[in-house]
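Data first, discussion second: the structure below is written as structure tokens.
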Amino acid sequence: MSCDTGPAESGVRTARPPGRRWRAPRPGWPDLLPIALLALAAGLLATGLLPTERAAAALWRTAPLLIFLVAVLVLAELAARAEVFDVLAVRMAIAGRGSYPALFALSVGLAAVTTMILNLDTTAVLLTPVMLAVAVRAGIATLPLAMTTVWLANTASLLLPISNLTNLLAADRVDLSPLGFAERMAVPQAAALLATAGCLWIFYWRRGLRDERRYAPPTRHRPRDPVLFRVAAVTCGCFAAGVLAGVPIEIVAVAAALALVAAFAARDRAGLRGGLVSWRLLGSVTGLFLVVEAISRHGLLTEMAKLIGPDGGPAGIWRAAATGAGLSNLVNNLPAYLAGEAVVPAGNHDQLLGLLIGTNVGPLVLPWASLATLLWLQRCRAAGVRIHWPRFVATGAVTAVVVLSAAVGALLATG
């Protein structure tokens with residue numbers, strides 16, 4: 001079956017002509033980002049623009065986050081090798097029974113649950129290629145499934161502290177347990193999901209954008225090793241349960257990752273490779289923390305304080321959310337959150353959550369706005385898919401405004 005999906009693709013085209021041998025894409029600017037960030041951080045340290053003690057304090061604060069990130073990505077990579085995501089995605093397409101509305105609802109649900117439970121980077125890294133493969137097997141356009149993945153990797157990351165690194169920082173600041181955080185953010189998350197689904201349907205899934213009324217469901221996918229598949233599925237479930245039970249996230253993530261590593265050591269040692277740890281992502285996160293620490297010392301916090309203001313009421317919450325979304329698209333959502341958090345008064349918890357919403361659901365416009373989008377782009381490039389950027393930017397801008405308005409409105413309504 002050809003990867004070319006015809007007119008229905010409308011915005012994504014394959015980079016690999018039929019009959020030609022596949023070649024890995026050349027390294028692009030996303031691949032160079034961690035090197036650039038770490039080099040910049042090293043330069044700031046060498047010149048004294050970032051004092052050593054401030055850098056050490058920033059790294060100490062982020063150490064539990066980095067431990068969690070390493071462990072959860074190892075867990076997710078091994079779960080993917082055990083074909084957990086493949087089985088789920090193919091069964092999703094089969095369950096749709098050829099109906100595009102049903103496939104749409106199931107795709108939204110799968111991407112949202114993956115983001116909430118295993119974090120947004122897992123959705124970008126592991127679910128994206130599976131969704132693209134399902135699209136090819138079912139003979140449908142890849143664009144709707146690709147956009148569902150990248151948008152929900154961002155907008156479905158509000159519910160749990162583990163869903164996004166920014167959530168971990170915010171939950172600590174407002175002193176909420178995982179269940180308490182989920183309770184406070186449940187309605188904003190539901191509003192964000194509904195708004196995202198509406199925009200996805202209008203911009204990428206509706207009948208007028210495709211010629212066919214139905215698709216052909218793929219054949220059932222059976223994992224190569226049913227034992228590893230079951231162990232991985234149960235481990236992922238235990239991980240989610242441990243987080244909700246209040247176990248420190250870095251401990252439960254490490255325990256789950258080690259359990260799955262042990263299973264692979266017994267049944268599939270070839271799966272235990274150095275590439276399980278995403279050094280590129282770790283370098284990007286570490287570099288971002290250090291660079292934003294330096295920039296904050298040299299004027300960024302002053303400007304952020306002017307934009308956000310000290311008002312903890314509705315106006316202040318809207319300003320924090322809009323500032324977070326705007327700055328995320330200019331630089332990246334992680335430094336945007338850190339800079340905003342530093343100027344929000346300690347008692348303005350709802351204003352801080354407004355900032356969090358802005359930095360989580362707002363980064364839909366430019367590819368560097370979130371690490372998840374960068375990781376998604378790398379997966380698309382590896383699959384031979386190129387993005388039509390004018391459409392990506394235009395639809396992302398409209399969706400960011402709609403989802404931000406819905407989520408912040410829900411936060412205020414439940415305050």
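Naming scheme: A, B, ... for chains in displayed order of the structure tokens; residues 1 onward per chain; ligands 1 onward as shown.
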
What are the nearest atom pairs, with distances in Å to one decimal, for all residues of region 271-341 of chain A that come at most 12 Å from region 145-154 of chain A, using only C-alpha atoms, set out by chain and rising residue number as JSON lines?
```
{"residue": "A:Ala325", "atom": "CA", "partner": "A:Asn154", "partner_atom": "CA", "distance": 11.7}
{"residue": "A:Ser328", "atom": "CA", "partner": "A:Asn154", "partner_atom": "CA", "distance": 11.8}
{"residue": "A:Asn333", "atom": "CA", "partner": "A:Asn154", "partner_atom": "CA", "distance": 10.2}
```

Can you list every residue in region 217-387 of chain A that DSSP puts in helix (DSSP H, G or I), as a PyMOL selection string?
chain A and resi 226-244+249-267+269-271+274-276+279-308+314-330+333-343+349-361+367-369+371-382

Skipping near chain neighbours, those fewer than 5 positions away, what residues fall within 9 Å of Pro161 (chain A) using only C-alpha atoms, listed as a count of residues only?
13

Could the residues of region 45-109 of chain A that have an atom at most 9 Å from region 293-307 of chain A be listed as CSV, each with its closest atom pair and the distance in Å to one decimal, counting only C-alpha atoms and ordered by chain and ascending residue number?
```
residue,atom,partner,partner_atom,distance
A:Leu45,CA,A:Ala294,CA,8.8
A:Leu49,CA,A:Ala294,CA,6.4
A:Leu50,CA,A:Ala294,CA,5.0
A:Pro51,CA,A:Ala294,CA,8.2
A:Arg54,CA,A:Glu293,CA,7.6
A:Ala55,CA,A:Glu293,CA,7.4
A:Ala58,CA,A:Glu293,CA,7.3
```

Residues just named, written with N, CA and C atoms as a PDB file, in the first residue's frame:
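The resulting result-v1.pdb:
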```
ATOM      1  N   LEU A  45      27.668  30.198  32.259  1.00  0.00           N
ATOM      2  CA  LEU A  45      28.419  29.873  33.468  1.00  0.00           C
ATOM      3  C   LEU A  45      29.843  30.402  33.382  1.00  0.00           C
ATOM      4  N   LEU A  49      27.547  35.198  33.930  1.00  0.00           N
ATOM      5  CA  LEU A  49      26.169  35.678  33.813  1.00  0.00           C
ATOM      6  C   LEU A  49      25.203  34.759  34.554  1.00  0.00           C
ATOM      7  N   LEU A  50      25.603  33.516  34.729  1.00  0.00           N
ATOM      8  CA  LEU A  50      24.842  32.576  35.554  1.00  0.00           C
ATOM      9  C   LEU A  50      25.769  32.092  36.664  1.00  0.00           C
ATOM     10  N   PRO A  51      25.615  32.620  37.877  1.00  0.00           N
ATOM     11  CA  PRO A  51      26.480  32.201  38.986  1.00  0.00           C
ATOM     12  C   PRO A  51      26.369  30.703  39.252  1.00  0.00           C
ATOM     13  N   ARG A  54      23.633  29.615  41.699  1.00  0.00           N
ATOM     14  CA  ARG A  54      22.274  29.657  41.155  1.00  0.00           C
ATOM     15  C   ARG A  54      22.022  28.472  40.225  1.00  0.00           C
ATOM     16  N   ALA A  55      23.039  28.111  39.450  1.00  0.00           N
ATOM     17  CA  ALA A  55      22.901  26.950  38.568  1.00  0.00           C
ATOM     18  C   ALA A  55      22.728  25.678  39.378  1.00  0.00           C
ATOM     19  N   ALA A  58      19.226  25.498  40.746  1.00  0.00           N
ATOM     20  CA  ALA A  58      18.251  25.142  39.716  1.00  0.00           C
ATOM     21  C   ALA A  58      18.301  23.647  39.405  1.00  0.00           C
TER      22      ALA A  58
END
```

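Proximity to Gly316 (chain A) was assessed for A:Pro188, A:Pro363, A:Gly354, A:Gly415 counting only C-alpha atoms; the smallest distance is recorded for A:Gly354.
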
In Å, rounded to a single decimal, give me how far CA of Leu132 (chain A) is from CA of Trp368 (chain A).
21.5 Å

Leaving out Leu78 (chain A) and any residue of its chain fewer than 5 positions from it, which residues lie within 12 Å of it when counting only C-alpha atoms, given as a PyMOL selection string?
chain A and resi 71-73+83-85+122+126+228-229+231-233+235-236+256-265+268-273+275-277

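One finds CA of Gly287 (chain A) at 4.8 Å from CA of Leu38 (chain A).
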
Neighbour list for Arg214 (chain A) as a PyMOL selection string, cut-off 7 Å, only C-alpha atoms, skip fewer than 4 positions in-chain
chain A and resi 98-100
